[in-house]
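Colleague: Contents of upload00.cif (mmCIF, N, CA and C atoms) are below:
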```cif
data_work
loop_
_atom_site.group_PDB
_atom_site.id
_atom_site.type_symbol
_atom_site.label_atom_id
_atom_site.label_comp_id
_atom_site.auth_asym_id
_atom_site.auth_seq_id
_atom_site.Cartn_x
_atom_site.Cartn_y
_atom_site.Cartn_z
ATOM 1 N N MET A 1 407.536 -39.056 -109.222
ATOM 2 C CA MET A 1 408.796 -39.521 -109.744
ATOM 3 C C MET A 1 409.182 -38.657 -110.950
ATOM 4 N N VAL A 2 410.440 -38.389 -111.073
ATOM 5 C CA VAL A 2 410.946 -37.589 -112.188
ATOM 6 C C VAL A 2 411.379 -38.529 -113.307
ATOM 7 N N ARG A 3 410.957 -38.226 -114.517
ATOM 8 C CA ARG A 3 411.276 -39.057 -115.681
ATOM 9 C C ARG A 3 412.019 -38.223 -116.707
ATOM 10 N N ILE A 4 412.873 -38.889 -117.474
ATOM 11 C CA ILE A 4 413.489 -38.286 -118.653
ATOM 12 C C ILE A 4 412.757 -38.898 -119.832
ATOM 13 N N ARG A 5 412.088 -38.069 -120.624
ATOM 14 C CA ARG A 5 411.263 -38.602 -121.700
ATOM 15 C C ARG A 5 411.230 -37.662 -122.886
ATOM 16 N N LEU A 6 410.512 -38.081 -123.931
ATOM 17 C CA LEU A 6 410.426 -37.298 -125.153
ATOM 18 C C LEU A 6 409.194 -36.407 -125.133
ATOM 19 N N ARG A 7 409.340 -35.227 -125.748
ATOM 20 C CA ARG A 7 408.241 -34.277 -125.906
ATOM 21 C C ARG A 7 408.194 -33.940 -127.382
ATOM 22 N N ARG A 8 407.068 -34.175 -128.022
ATOM 23 C CA ARG A 8 406.980 -33.993 -129.465
ATOM 24 C C ARG A 8 406.787 -32.527 -129.836
ATOM 25 N N ILE A 9 407.591 -32.111 -130.809
ATOM 26 C CA ILE A 9 407.419 -30.806 -131.442
ATOM 27 C C ILE A 9 407.546 -31.054 -132.943
ATOM 28 N N GLY A 10 407.392 -30.058 -133.749
ATOM 29 C CA GLY A 10 407.557 -30.251 -135.187
ATOM 30 C C GLY A 10 406.219 -30.333 -135.906
ATOM 31 N N ARG A 11 406.294 -30.376 -137.221
ATOM 32 C CA ARG A 11 405.088 -30.397 -138.053
ATOM 33 C C ARG A 11 404.471 -31.783 -138.129
ATOM 34 N N LYS A 12 403.331 -31.825 -138.767
ATOM 35 C CA LYS A 12 402.677 -33.099 -139.039
ATOM 36 C C LYS A 12 403.546 -33.882 -140.021
ATOM 37 N N LYS A 13 403.727 -35.153 -139.781
ATOM 38 C CA LYS A 13 404.536 -36.063 -140.606
ATOM 39 C C LYS A 13 406.032 -35.739 -140.590
ATOM 40 N N ALA A 14 406.462 -34.777 -139.792
ATOM 41 C CA ALA A 14 407.887 -34.451 -139.662
ATOM 42 C C ALA A 14 408.201 -34.254 -138.176
ATOM 43 N N PRO A 15 408.225 -35.329 -137.413
ATOM 44 C CA PRO A 15 408.380 -35.179 -135.963
ATOM 45 C C PRO A 15 409.804 -34.794 -135.559
ATOM 46 N N VAL A 16 409.881 -34.003 -134.532
ATOM 47 C CA VAL A 16 411.117 -33.687 -133.837
ATOM 48 C C VAL A 16 410.769 -33.789 -132.366
ATOM 49 N N TYR A 17 411.643 -34.390 -131.588
ATOM 50 C CA TYR A 17 411.374 -34.588 -130.172
ATOM 51 C C TYR A 17 412.422 -33.874 -129.342
ATOM 52 N N ARG A 18 411.985 -33.290 -128.241
ATOM 53 C CA ARG A 18 412.912 -32.759 -127.259
ATOM 54 C C ARG A 18 413.029 -33.784 -126.150
ATOM 55 N N ILE A 19 414.232 -33.975 -125.658
ATOM 56 C CA ILE A 19 414.451 -34.856 -124.514
ATOM 57 C C ILE A 19 414.342 -33.963 -123.283
ATOM 58 N N VAL A 20 413.316 -34.205 -122.481
ATOM 59 C CA VAL A 20 413.037 -33.339 -121.342
ATOM 60 C C VAL A 20 413.016 -34.139 -120.047
ATOM 61 N N VAL A 21 413.240 -33.417 -118.965
ATOM 62 C CA VAL A 21 413.086 -33.962 -117.626
ATOM 63 C C VAL A 21 411.760 -33.419 -117.118
ATOM 64 N N ALA A 22 410.845 -34.316 -116.746
ATOM 65 C CA ALA A 22 409.518 -33.894 -116.318
ATOM 66 C C ALA A 22 409.005 -34.801 -115.220
ATOM 67 N N ASP A 23 408.017 -34.311 -114.503
ATOM 68 C CA ASP A 23 407.337 -35.138 -113.525
ATOM 69 C C ASP A 23 406.542 -36.204 -114.267
ATOM 70 N N SER A 24 406.470 -37.386 -113.716
ATOM 71 C CA SER A 24 405.806 -38.483 -114.424
ATOM 72 C C SER A 24 404.305 -38.266 -114.573
ATOM 73 N N LYS A 25 403.727 -37.399 -113.747
ATOM 74 C CA LYS A 25 402.286 -37.163 -113.805
ATOM 75 C C LYS A 25 401.895 -36.087 -114.808
ATOM 76 N N SER A 26 402.851 -35.306 -115.298
ATOM 77 C CA SER A 26 402.511 -34.259 -116.261
ATOM 78 C C SER A 26 402.294 -34.874 -117.642
ATOM 79 N N PRO A 27 401.442 -34.257 -118.475
ATOM 80 C CA PRO A 27 401.173 -34.819 -119.806
ATOM 81 C C PRO A 27 402.400 -34.785 -120.717
ATOM 82 N N ARG A 28 402.344 -35.531 -121.817
ATOM 83 C CA ARG A 28 403.490 -35.673 -122.727
ATOM 84 C C ARG A 28 404.036 -34.330 -123.184
ATOM 85 N N ASP A 29 403.173 -33.436 -123.619
ATOM 86 C CA ASP A 29 403.628 -32.127 -124.102
ATOM 87 C C ASP A 29 403.359 -31.028 -123.086
ATOM 88 N N GLY A 30 403.203 -31.403 -121.828
ATOM 89 C CA GLY A 30 402.892 -30.439 -120.777
ATOM 90 C C GLY A 30 404.128 -29.880 -120.108
ATOM 91 N N ARG A 31 403.973 -29.620 -118.806
ATOM 92 C CA ARG A 31 405.061 -28.999 -118.037
ATOM 93 C C ARG A 31 406.288 -29.896 -117.980
ATOM 94 N N PHE A 32 407.443 -29.253 -117.965
ATOM 95 C CA PHE A 32 408.692 -29.987 -117.827
ATOM 96 C C PHE A 32 409.641 -29.172 -116.974
ATOM 97 N N ILE A 33 410.693 -29.799 -116.508
ATOM 98 C CA ILE A 33 411.663 -29.145 -115.642
ATOM 99 C C ILE A 33 412.810 -28.564 -116.459
ATOM 100 N N GLU A 34 413.346 -29.362 -117.381
ATOM 101 C CA GLU A 34 414.520 -28.924 -118.147
ATOM 102 C C GLU A 34 414.592 -29.679 -119.471
ATOM 103 N N ILE A 35 415.087 -28.987 -120.506
ATOM 104 C CA ILE A 35 415.361 -29.621 -121.798
ATOM 105 C C ILE A 35 416.832 -30.022 -121.799
ATOM 106 N N ILE A 36 417.101 -31.305 -122.056
ATOM 107 C CA ILE A 36 418.497 -31.756 -122.050
ATOM 108 C C ILE A 36 418.949 -32.271 -123.410
ATOM 109 N N GLY A 37 418.093 -32.187 -124.422
ATOM 110 C CA GLY A 37 418.523 -32.648 -125.736
ATOM 111 C C GLY A 37 417.410 -32.580 -126.755
ATOM 112 N N GLN A 38 417.739 -33.026 -127.961
ATOM 113 C CA GLN A 38 416.781 -33.040 -129.061
ATOM 114 C C GLN A 38 417.046 -34.251 -129.939
ATOM 115 N N TYR A 39 415.962 -34.810 -130.504
ATOM 116 C CA TYR A 39 416.060 -35.994 -131.348
ATOM 117 C C TYR A 39 415.184 -35.788 -132.568
ATOM 118 N N ALA A 40 415.804 -35.862 -133.748
ATOM 119 C CA ALA A 40 415.088 -35.754 -135.017
ATOM 120 C C ALA A 40 415.239 -37.084 -135.745
ATOM 121 N N PRO A 41 414.256 -37.970 -135.654
ATOM 122 C CA PRO A 41 414.401 -39.311 -136.230
ATOM 123 C C PRO A 41 414.480 -39.331 -137.746
ATOM 124 N N ARG A 42 413.971 -38.308 -138.423
ATOM 125 C CA ARG A 42 413.979 -38.290 -139.879
ATOM 126 C C ARG A 42 415.309 -37.811 -140.455
ATOM 127 N N GLN A 43 416.157 -37.224 -139.628
ATOM 128 C CA GLN A 43 417.479 -36.782 -140.087
ATOM 129 C C GLN A 43 418.423 -37.973 -140.065
ATOM 130 N N SER A 44 419.247 -38.074 -141.114
ATOM 131 C CA SER A 44 420.161 -39.218 -141.155
ATOM 132 C C SER A 44 421.333 -39.036 -140.190
ATOM 133 N N GLU A 45 421.986 -37.881 -140.218
ATOM 134 C CA GLU A 45 423.112 -37.634 -139.319
ATOM 135 C C GLU A 45 422.854 -36.368 -138.518
ATOM 136 N N GLY A 46 423.335 -36.354 -137.304
ATOM 137 C CA GLY A 46 423.161 -35.180 -136.461
ATOM 138 C C GLY A 46 421.751 -35.042 -135.937
ATOM 139 N N GLY A 47 421.001 -36.117 -135.958
ATOM 140 C CA GLY A 47 419.623 -36.059 -135.491
ATOM 141 C C GLY A 47 419.487 -36.181 -133.990
ATOM 142 N N LEU A 48 420.585 -36.457 -133.297
ATOM 143 C CA LEU A 48 420.532 -36.644 -131.851
ATOM 144 C C LEU A 48 421.541 -35.721 -131.183
ATOM 145 N N ASN A 49 421.059 -34.836 -130.332
ATOM 146 C CA ASN A 49 421.907 -33.939 -129.547
ATOM 147 C C ASN A 49 421.515 -34.099 -128.090
ATOM 148 N N VAL A 50 422.486 -34.446 -127.248
ATOM 149 C CA VAL A 50 422.217 -34.637 -125.823
ATOM 150 C C VAL A 50 423.288 -33.907 -125.032
ATOM 151 N N GLN A 51 422.865 -33.179 -124.013
ATOM 152 C CA GLN A 51 423.814 -32.563 -123.081
ATOM 153 C C GLN A 51 424.173 -33.633 -122.047
ATOM 154 N N ALA A 52 425.312 -34.254 -122.241
ATOM 155 C CA ALA A 52 425.697 -35.419 -121.437
ATOM 156 C C ALA A 52 425.828 -35.076 -119.955
ATOM 157 N N GLU A 53 426.387 -33.923 -119.647
ATOM 158 C CA GLU A 53 426.588 -33.587 -118.234
ATOM 159 C C GLU A 53 425.256 -33.393 -117.508
ATOM 160 N N ARG A 54 424.274 -32.792 -118.187
ATOM 161 C CA ARG A 54 422.954 -32.606 -117.566
ATOM 162 C C ARG A 54 422.217 -33.949 -117.451
ATOM 163 N N ALA A 55 422.369 -34.795 -118.460
ATOM 164 C CA ALA A 55 421.748 -36.116 -118.393
ATOM 165 C C ALA A 55 422.336 -36.910 -117.231
ATOM 166 N N ASN A 56 423.646 -36.858 -117.071
ATOM 167 C CA ASN A 56 424.290 -37.550 -115.953
ATOM 168 C C ASN A 56 423.832 -36.990 -114.621
ATOM 169 N N TYR A 57 423.681 -35.671 -114.545
ATOM 170 C CA TYR A 57 423.214 -35.058 -113.304
ATOM 171 C C TYR A 57 421.844 -35.610 -112.925
ATOM 172 N N TRP A 58 420.912 -35.612 -113.877
ATOM 173 C CA TRP A 58 419.560 -36.065 -113.577
ATOM 174 C C TRP A 58 419.528 -37.559 -113.275
ATOM 175 N N LEU A 59 420.360 -38.338 -113.943
ATOM 176 C CA LEU A 59 420.416 -39.763 -113.625
ATOM 177 C C LEU A 59 420.986 -39.990 -112.225
ATOM 178 N N ASP A 60 421.968 -39.163 -111.831
ATOM 179 C CA ASP A 60 422.543 -39.268 -110.489
ATOM 180 C C ASP A 60 421.520 -38.920 -109.412
ATOM 181 N N VAL A 61 420.647 -37.963 -109.716
ATOM 182 C CA VAL A 61 419.655 -37.529 -108.737
ATOM 183 C C VAL A 61 418.495 -38.510 -108.646
ATOM 184 N N GLY A 62 418.389 -39.435 -109.598
ATOM 185 C CA GLY A 62 417.373 -40.470 -109.505
ATOM 186 C C GLY A 62 416.293 -40.419 -110.572
ATOM 187 N N ALA A 63 416.448 -39.581 -111.596
ATOM 188 C CA ALA A 63 415.452 -39.534 -112.667
ATOM 189 C C ALA A 63 415.518 -40.829 -113.470
ATOM 190 N N GLN A 64 414.357 -41.349 -113.842
ATOM 191 C CA GLN A 64 414.277 -42.598 -114.588
ATOM 192 C C GLN A 64 414.010 -42.308 -116.058
ATOM 193 N N PRO A 65 414.881 -42.750 -116.972
ATOM 194 C CA PRO A 65 414.613 -42.534 -118.395
ATOM 195 C C PRO A 65 413.553 -43.499 -118.912
ATOM 196 N N SER A 66 412.776 -43.038 -119.883
ATOM 197 C CA SER A 66 411.834 -43.938 -120.540
ATOM 198 C C SER A 66 412.639 -44.919 -121.393
ATOM 199 N N ASP A 67 411.978 -45.946 -121.897
ATOM 200 C CA ASP A 67 412.685 -46.957 -122.685
ATOM 201 C C ASP A 67 413.330 -46.337 -123.920
ATOM 202 N N THR A 68 412.602 -45.462 -124.602
ATOM 203 C CA THR A 68 413.128 -44.833 -125.814
ATOM 204 C C THR A 68 414.302 -43.921 -125.488
ATOM 205 N N VAL A 69 414.173 -43.146 -124.428
ATOM 206 C CA VAL A 69 415.261 -42.239 -124.042
ATOM 207 C C VAL A 69 416.476 -43.034 -123.600
ATOM 208 N N ARG A 70 416.257 -44.154 -122.926
ATOM 209 C CA ARG A 70 417.389 -44.999 -122.523
ATOM 210 C C ARG A 70 418.157 -45.471 -123.755
ATOM 211 N N SER A 71 417.442 -45.885 -124.797
ATOM 212 C CA SER A 71 418.126 -46.333 -126.013
ATOM 213 C C SER A 71 418.832 -45.166 -126.702
ATOM 214 N N LEU A 72 418.248 -43.963 -126.647
ATOM 215 C CA LEU A 72 418.903 -42.797 -127.246
ATOM 216 C C LEU A 72 420.158 -42.414 -126.463
ATOM 217 N N LEU A 73 420.100 -42.496 -125.141
ATOM 218 C CA LEU A 73 421.282 -42.195 -124.326
ATOM 219 C C LEU A 73 422.378 -43.222 -124.581
ATOM 220 N N ARG A 74 421.977 -44.456 -124.807
ATOM 221 C CA ARG A 74 422.951 -45.503 -125.141
ATOM 222 C C ARG A 74 423.596 -45.190 -126.488
ATOM 223 N N LYS A 75 422.768 -44.771 -127.440
ATOM 224 C CA LYS A 75 423.256 -44.446 -128.780
ATOM 225 C C LYS A 75 424.209 -43.248 -128.753
ATOM 226 N N ALA A 76 423.944 -42.285 -127.865
ATOM 227 C CA ALA A 76 424.793 -41.105 -127.748
ATOM 228 C C ALA A 76 426.065 -41.382 -126.957
ATOM 229 N N GLY A 77 426.145 -42.536 -126.303
ATOM 230 C CA GLY A 77 427.343 -42.891 -125.551
ATOM 231 C C GLY A 77 427.334 -42.419 -124.106
ATOM 232 N N VAL A 78 426.229 -41.866 -123.652
ATOM 233 C CA VAL A 78 426.156 -41.354 -122.284
ATOM 234 C C VAL A 78 426.183 -42.496 -121.278
ATOM 235 N N LEU A 79 425.419 -43.541 -121.519
ATOM 236 C CA LEU A 79 425.342 -44.646 -120.565
ATOM 237 C C LEU A 79 426.646 -45.437 -120.512
ATOM 238 N N LYS A 80 427.321 -45.563 -121.641
ATOM 239 C CA LYS A 80 428.601 -46.283 -121.658
ATOM 240 C C LYS A 80 429.649 -45.515 -120.854
ATOM 241 N N ALA A 81 429.700 -44.202 -121.025
ATOM 242 C CA ALA A 81 430.653 -43.384 -120.272
ATOM 243 C C ALA A 81 430.355 -43.458 -118.777
ATOM 244 N N ARG A 82 429.065 -43.464 -118.418
ATOM 245 C CA ARG A 82 428.666 -43.602 -117.012
ATOM 246 C C ARG A 82 429.131 -44.936 -116.442
ATOM 247 N N HIS A 83 428.916 -45.981 -117.212
ATOM 248 C CA HIS A 83 429.303 -47.323 -116.770
ATOM 249 C C HIS A 83 430.812 -47.422 -116.579
ATOM 250 N N GLU A 84 431.563 -46.905 -117.534
ATOM 251 C CA GLU A 84 433.024 -46.982 -117.446
ATOM 252 C C GLU A 84 433.548 -46.158 -116.275
ATOM 253 N N ALA A 85 432.954 -45.000 -116.012
ATOM 254 C CA ALA A 85 433.381 -44.182 -114.878
ATOM 255 C C ALA A 85 433.088 -44.902 -113.569
ATOM 256 N N ARG A 86 431.913 -45.535 -113.477
ATOM 257 C CA ARG A 86 431.552 -46.256 -112.263
ATOM 258 C C ARG A 86 432.487 -47.446 -112.066
ATOM 259 N N LEU A 87 432.796 -48.169 -113.151
ATOM 260 C CA LEU A 87 433.690 -49.314 -113.072
ATOM 261 C C LEU A 87 435.096 -48.878 -112.669
ATOM 262 N N ALA A 88 435.564 -47.745 -113.197
ATOM 263 C CA ALA A 88 436.898 -47.246 -112.843
ATOM 264 C C ALA A 88 436.959 -46.889 -111.362
ATOM 265 N N ARG A 89 435.895 -46.266 -110.840
ATOM 266 C CA ARG A 89 435.876 -45.927 -109.412
ATOM 267 C C ARG A 89 435.909 -47.192 -108.562
ATOM 268 N N LYS A 90 435.168 -48.207 -108.996
ATOM 269 C CA LYS A 90 435.120 -49.458 -108.241
ATOM 270 C C LYS A 90 436.487 -50.139 -108.240
ATOM 271 N N LEU A 91 437.125 -50.185 -109.404
ATOM 272 C CA LEU A 91 438.440 -50.827 -109.493
ATOM 273 C C LEU A 91 439.489 -50.047 -108.710
ATOM 274 N N GLN A 92 439.382 -48.726 -108.744
ATOM 275 C CA GLN A 92 440.357 -47.900 -108.039
ATOM 276 C C GLN A 92 440.207 -48.068 -106.526
ATOM 277 N N SER A 93 438.963 -48.200 -106.056
ATOM 278 C CA SER A 93 438.760 -48.353 -104.616
ATOM 279 C C SER A 93 439.191 -49.734 -104.130
ATOM 280 N N SER A 94 439.113 -50.746 -104.993
ATOM 281 C CA SER A 94 439.494 -52.090 -104.566
ATOM 282 C C SER A 94 440.973 -52.391 -104.806
ATOM 283 N N ALA A 95 441.671 -51.496 -105.465
ATOM 284 C CA ALA A 95 443.100 -51.721 -105.731
ATOM 285 C C ALA A 95 443.886 -51.578 -104.433
ATOM 286 N N VAL A 96 444.826 -52.474 -104.235
ATOM 287 C CA VAL A 96 445.661 -52.453 -103.040
ATOM 288 C C VAL A 96 447.033 -51.926 -103.439
ATOM 289 N N PRO A 97 447.512 -50.884 -102.754
ATOM 290 C CA PRO A 97 448.844 -50.373 -103.112
ATOM 291 C C PRO A 97 449.930 -51.387 -102.759
ATOM 292 N N VAL A 98 450.887 -51.505 -103.627
ATOM 293 C CA VAL A 98 451.989 -52.441 -103.425
ATOM 294 C C VAL A 98 453.092 -51.719 -102.658
ATOM 295 N N ALA A 99 453.517 -52.316 -101.546
ATOM 296 C CA ALA A 99 454.585 -51.720 -100.746
ATOM 297 C C ALA A 99 455.913 -51.990 -101.428
ATOM 298 N N GLU A 100 456.734 -50.956 -101.458
ATOM 299 C CA GLU A 100 458.052 -51.121 -102.081
ATOM 300 C C GLU A 100 458.952 -51.890 -101.123
ATOM 301 N N ARG A 101 459.702 -52.833 -101.692
ATOM 302 C CA ARG A 101 460.639 -53.588 -100.881
ATOM 303 C C ARG A 101 461.928 -52.784 -100.750
ATOM 304 N N PRO A 102 462.533 -52.816 -99.577
ATOM 305 C CA PRO A 102 463.804 -52.095 -99.421
ATOM 306 C C PRO A 102 464.888 -52.757 -100.274
ATOM 307 N N ALA A 103 465.778 -51.948 -100.783
ATOM 308 C CA ALA A 103 466.850 -52.478 -101.617
ATOM 309 C C ALA A 103 467.732 -53.397 -100.777
ATOM 310 N N GLU A 104 467.938 -54.588 -101.298
ATOM 311 C CA GLU A 104 468.749 -55.560 -100.564
ATOM 312 C C GLU A 104 470.227 -55.263 -100.802
ATOM 313 N N ALA A 105 471.024 -55.536 -99.783
ATOM 314 C CA ALA A 105 472.463 -55.331 -99.907
ATOM 315 C C ALA A 105 473.024 -56.401 -100.831
ATOM 316 N N PRO A 106 473.938 -56.002 -101.735
ATOM 317 C CA PRO A 106 474.484 -57.005 -102.638
ATOM 318 C C PRO A 106 475.257 -58.072 -101.855
ATOM 319 N N SER A 107 475.024 -59.298 -102.208
ATOM 320 C CA SER A 107 475.691 -60.395 -101.494
ATOM 321 C C SER A 107 477.072 -60.618 -102.109
ATOM 322 N N ALA A 108 478.047 -60.810 -101.228
ATOM 323 C CA ALA A 108 479.428 -61.029 -101.698
ATOM 324 C C ALA A 108 479.659 -62.518 -101.799
ATOM 325 N N GLU A 109 479.810 -63.017 -102.982
ATOM 326 C CA GLU A 109 480.059 -64.438 -103.171
ATOM 327 C C GLU A 109 481.391 -64.674 -103.763
#
```
For the file at hand, write its structure as structure tokens.

Modeller:
Amino acid sequence: MVRIRLRRIGRKKAPVYRIVVADSKSPRDGRFIEIIGQYAPRQSEGGLNVQAERANYWLDVGAQPSDTVRSLLRKAGVLKARHEARLARKLQSSAVPVAERPAEAPSAE
């Protein structure tokens, strides 16, 4: 199974994590398929960078995010945008077009 998870980099006591797509059997800092973002928890602003289009691609193909990555994707707005796009497609497919009524002839009274 393919997972989206964190890979630790950075110094001791100053962690920085890469958000990677990897096989679930590979070790935490081992082989990975693709880097799709970075997370620096010690930074106050700008500590989270995610390539939304690549994250969406991997989620569409069936990759499962870890719990922490799921919360980070939620924080970055990726999951909300996915949900809204899916909801819009559903509403658009269930919408019924309204047939225009022919103009009625004015009645002479």

Colleague: Would you mind writing down, as a ChimeraX atom specification, each residue of chain A that DSSP on the backbone assigns to alpha helix (DSSP H)?

Modeller: /A:52-61,67-76,78-94

Colleague: Per DSSP on the backbone, filter chain A down to the residues in strand (DSSP E or B) and report them as a CSV table (one decimal) with N, CA and C atoms, keeping the file's coordinate frame.

Modeller:
```csv
chain,number,residue,atom,x,y,z
A,2,VAL,N,410.4,-38.4,-111.1
A,2,VAL,CA,410.9,-37.6,-112.2
A,2,VAL,C,411.4,-38.5,-113.3
A,3,ARG,N,411.0,-38.2,-114.5
A,3,ARG,CA,411.3,-39.1,-115.7
A,3,ARG,C,412.0,-38.2,-116.7
A,4,ILE,N,412.9,-38.9,-117.5
A,4,ILE,CA,413.5,-38.3,-118.7
A,4,ILE,C,412.8,-38.9,-119.8
A,5,ARG,N,412.1,-38.1,-120.6
A,5,ARG,CA,411.3,-38.6,-121.7
A,5,ARG,C,411.2,-37.7,-122.9
A,6,LEU,N,410.5,-38.1,-123.9
A,6,LEU,CA,410.4,-37.3,-125.2
A,6,LEU,C,409.2,-36.4,-125.1
A,7,ARG,N,409.3,-35.2,-125.7
A,7,ARG,CA,408.2,-34.3,-125.9
A,7,ARG,C,408.2,-33.9,-127.4
A,8,ARG,N,407.1,-34.2,-128.0
A,8,ARG,CA,407.0,-34.0,-129.5
A,8,ARG,C,406.8,-32.5,-129.8
A,9,ILE,N,407.6,-32.1,-130.8
A,9,ILE,CA,407.4,-30.8,-131.4
A,9,ILE,C,407.5,-31.1,-132.9
A,10,GLY,N,407.4,-30.1,-133.7
A,10,GLY,CA,407.6,-30.3,-135.2
A,10,GLY,C,406.2,-30.3,-135.9
A,11,ARG,N,406.3,-30.4,-137.2
A,11,ARG,CA,405.1,-30.4,-138.1
A,11,ARG,C,404.5,-31.8,-138.1
A,14,ALA,N,406.5,-34.8,-139.8
A,14,ALA,CA,407.9,-34.5,-139.7
A,14,ALA,C,408.2,-34.3,-138.2
A,15,PRO,N,408.2,-35.3,-137.4
A,15,PRO,CA,408.4,-35.2,-136.0
A,15,PRO,C,409.8,-34.8,-135.6
A,16,VAL,N,409.9,-34.0,-134.5
A,16,VAL,CA,411.1,-33.7,-133.8
A,16,VAL,C,410.8,-33.8,-132.4
A,17,TYR,N,411.6,-34.4,-131.6
A,17,TYR,CA,411.4,-34.6,-130.2
A,17,TYR,C,412.4,-33.9,-129.3
A,18,ARG,N,412.0,-33.3,-128.2
A,18,ARG,CA,412.9,-32.8,-127.3
A,18,ARG,C,413.0,-33.8,-126.2
A,19,ILE,N,414.2,-34.0,-125.7
A,19,ILE,CA,414.5,-34.9,-124.5
A,19,ILE,C,414.3,-34.0,-123.3
A,20,VAL,N,413.3,-34.2,-122.5
A,20,VAL,CA,413.0,-33.3,-121.3
A,20,VAL,C,413.0,-34.1,-120.0
A,21,VAL,N,413.2,-33.4,-119.0
A,21,VAL,CA,413.1,-34.0,-117.6
A,21,VAL,C,411.8,-33.4,-117.1
A,22,ALA,N,410.8,-34.3,-116.7
A,22,ALA,CA,409.5,-33.9,-116.3
A,22,ALA,C,409.0,-34.8,-115.2
A,23,ASP,N,408.0,-34.3,-114.5
A,23,ASP,CA,407.3,-35.1,-113.5
A,23,ASP,C,406.5,-36.2,-114.3
A,34,GLU,N,413.3,-29.4,-117.4
A,34,GLU,CA,414.5,-28.9,-118.1
A,34,GLU,C,414.6,-29.7,-119.5
A,35,ILE,N,415.1,-29.0,-120.5
A,35,ILE,CA,415.4,-29.6,-121.8
A,35,ILE,C,416.8,-30.0,-121.8
A,36,ILE,N,417.1,-31.3,-122.1
A,36,ILE,CA,418.5,-31.8,-122.0
A,36,ILE,C,418.9,-32.3,-123.4
A,37,GLY,N,418.1,-32.2,-124.4
A,37,GLY,CA,418.5,-32.6,-125.7
A,37,GLY,C,417.4,-32.6,-126.8
A,38,GLN,N,417.7,-33.0,-128.0
A,38,GLN,CA,416.8,-33.0,-129.1
A,38,GLN,C,417.0,-34.3,-129.9
A,39,TYR,N,416.0,-34.8,-130.5
A,39,TYR,CA,416.1,-36.0,-131.3
A,39,TYR,C,415.2,-35.8,-132.6
A,48,LEU,N,420.6,-36.5,-133.3
A,48,LEU,CA,420.5,-36.6,-131.9
A,48,LEU,C,421.5,-35.7,-131.2
A,49,ASN,N,421.1,-34.8,-130.3
A,49,ASN,CA,421.9,-33.9,-129.5
A,49,ASN,C,421.5,-34.1,-128.1
A,50,VAL,N,422.5,-34.4,-127.2
A,50,VAL,CA,422.2,-34.6,-125.8
A,50,VAL,C,423.3,-33.9,-125.0
A,64,GLN,N,414.4,-41.3,-113.8
A,64,GLN,CA,414.3,-42.6,-114.6
A,64,GLN,C,414.0,-42.3,-116.1
A,65,PRO,N,414.9,-42.8,-117.0
A,65,PRO,CA,414.6,-42.5,-118.4
A,65,PRO,C,413.6,-43.5,-118.9
```

Colleague: Given the file shown, enumerate the residues that the PyMOL selection byres ((chain A and resi 45-57) around 8) captures and present them as a PyMOL selection string.

Modeller: chain A and resi 19+35-44+58-63+72-73+76-78+82

Colleague: May I ask for the distance between CA of Glu84 in chain A and atom N of Glu100 in chain A, given in Å to one decimal place?

Modeller: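 It comes out at 28.9 Å.
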
Colleague: Please identify all polymer residues within 6 Å of range 6-15 of chain A, counting only C-alpha atoms, omitting same-chain residues fewer than 2 positions from it, and present them as a PDB file with N, CA and C atoms, keeping the file's coordinate frame.

Modeller:
```pdb
ATOM      1  N   TYR A  17     411.643 -34.390-131.588  1.00  0.00           N
ATOM      2  CA  TYR A  17     411.374 -34.588-130.172  1.00  0.00           C
ATOM      3  C   TYR A  17     412.422 -33.874-129.342  1.00  0.00           C
ATOM      4  N   ARG A  18     411.985 -33.290-128.241  1.00  0.00           N
ATOM      5  CA  ARG A  18     412.912 -32.759-127.259  1.00  0.00           C
ATOM      6  C   ARG A  18     413.029 -33.784-126.150  1.00  0.00           C
ATOM      7  N   ILE A  19     414.232 -33.975-125.658  1.00  0.00           N
ATOM      8  CA  ILE A  19     414.451 -34.856-124.514  1.00  0.00           C
ATOM      9  C   ILE A  19     414.342 -33.963-123.283  1.00  0.00           C
ATOM     10  N   ARG A  28     402.344 -35.531-121.817  1.00  0.00           N
ATOM     11  CA  ARG A  28     403.490 -35.673-122.727  1.00  0.00           C
ATOM     12  C   ARG A  28     404.036 -34.330-123.184  1.00  0.00           C
ATOM     13  N   ASP A  29     403.173 -33.436-123.619  1.00  0.00           N
ATOM     14  CA  ASP A  29     403.628 -32.127-124.102  1.00  0.00           C
ATOM     15  C   ASP A  29     403.359 -31.028-123.086  1.00  0.00           C
TER      16      ASP A  29
END
```

Colleague: What does the distance between CA of Leu87 in chain A and CA of Glu34 in chain A come to in Å, to one decimal place?

Modeller: 28.4 Å

Colleague: Mind pulling up the distance from atom N of Asp67 in chain A to atom N of Arg86 in chain A?

Modeller: 21.6 Å

Colleague: Tell me which of A:Ile4, A:Ala99, A:Ser93, A:Ser24 sits closest to Ser66 in chain A, counting all atoms listed in the file.

Modeller: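 Counting all atoms listed in the file, the residue closest to Ser66 in chain A is A:Ile4.
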
Colleague: Counting only C-alpha atoms, which residue out of A:Pro102, A:Arg89, A:Val2, A:Val69 sits closest to Val21 in chain A?

Modeller: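 That would be A:Val2, the residue with the smallest distance to Val21 in chain A.
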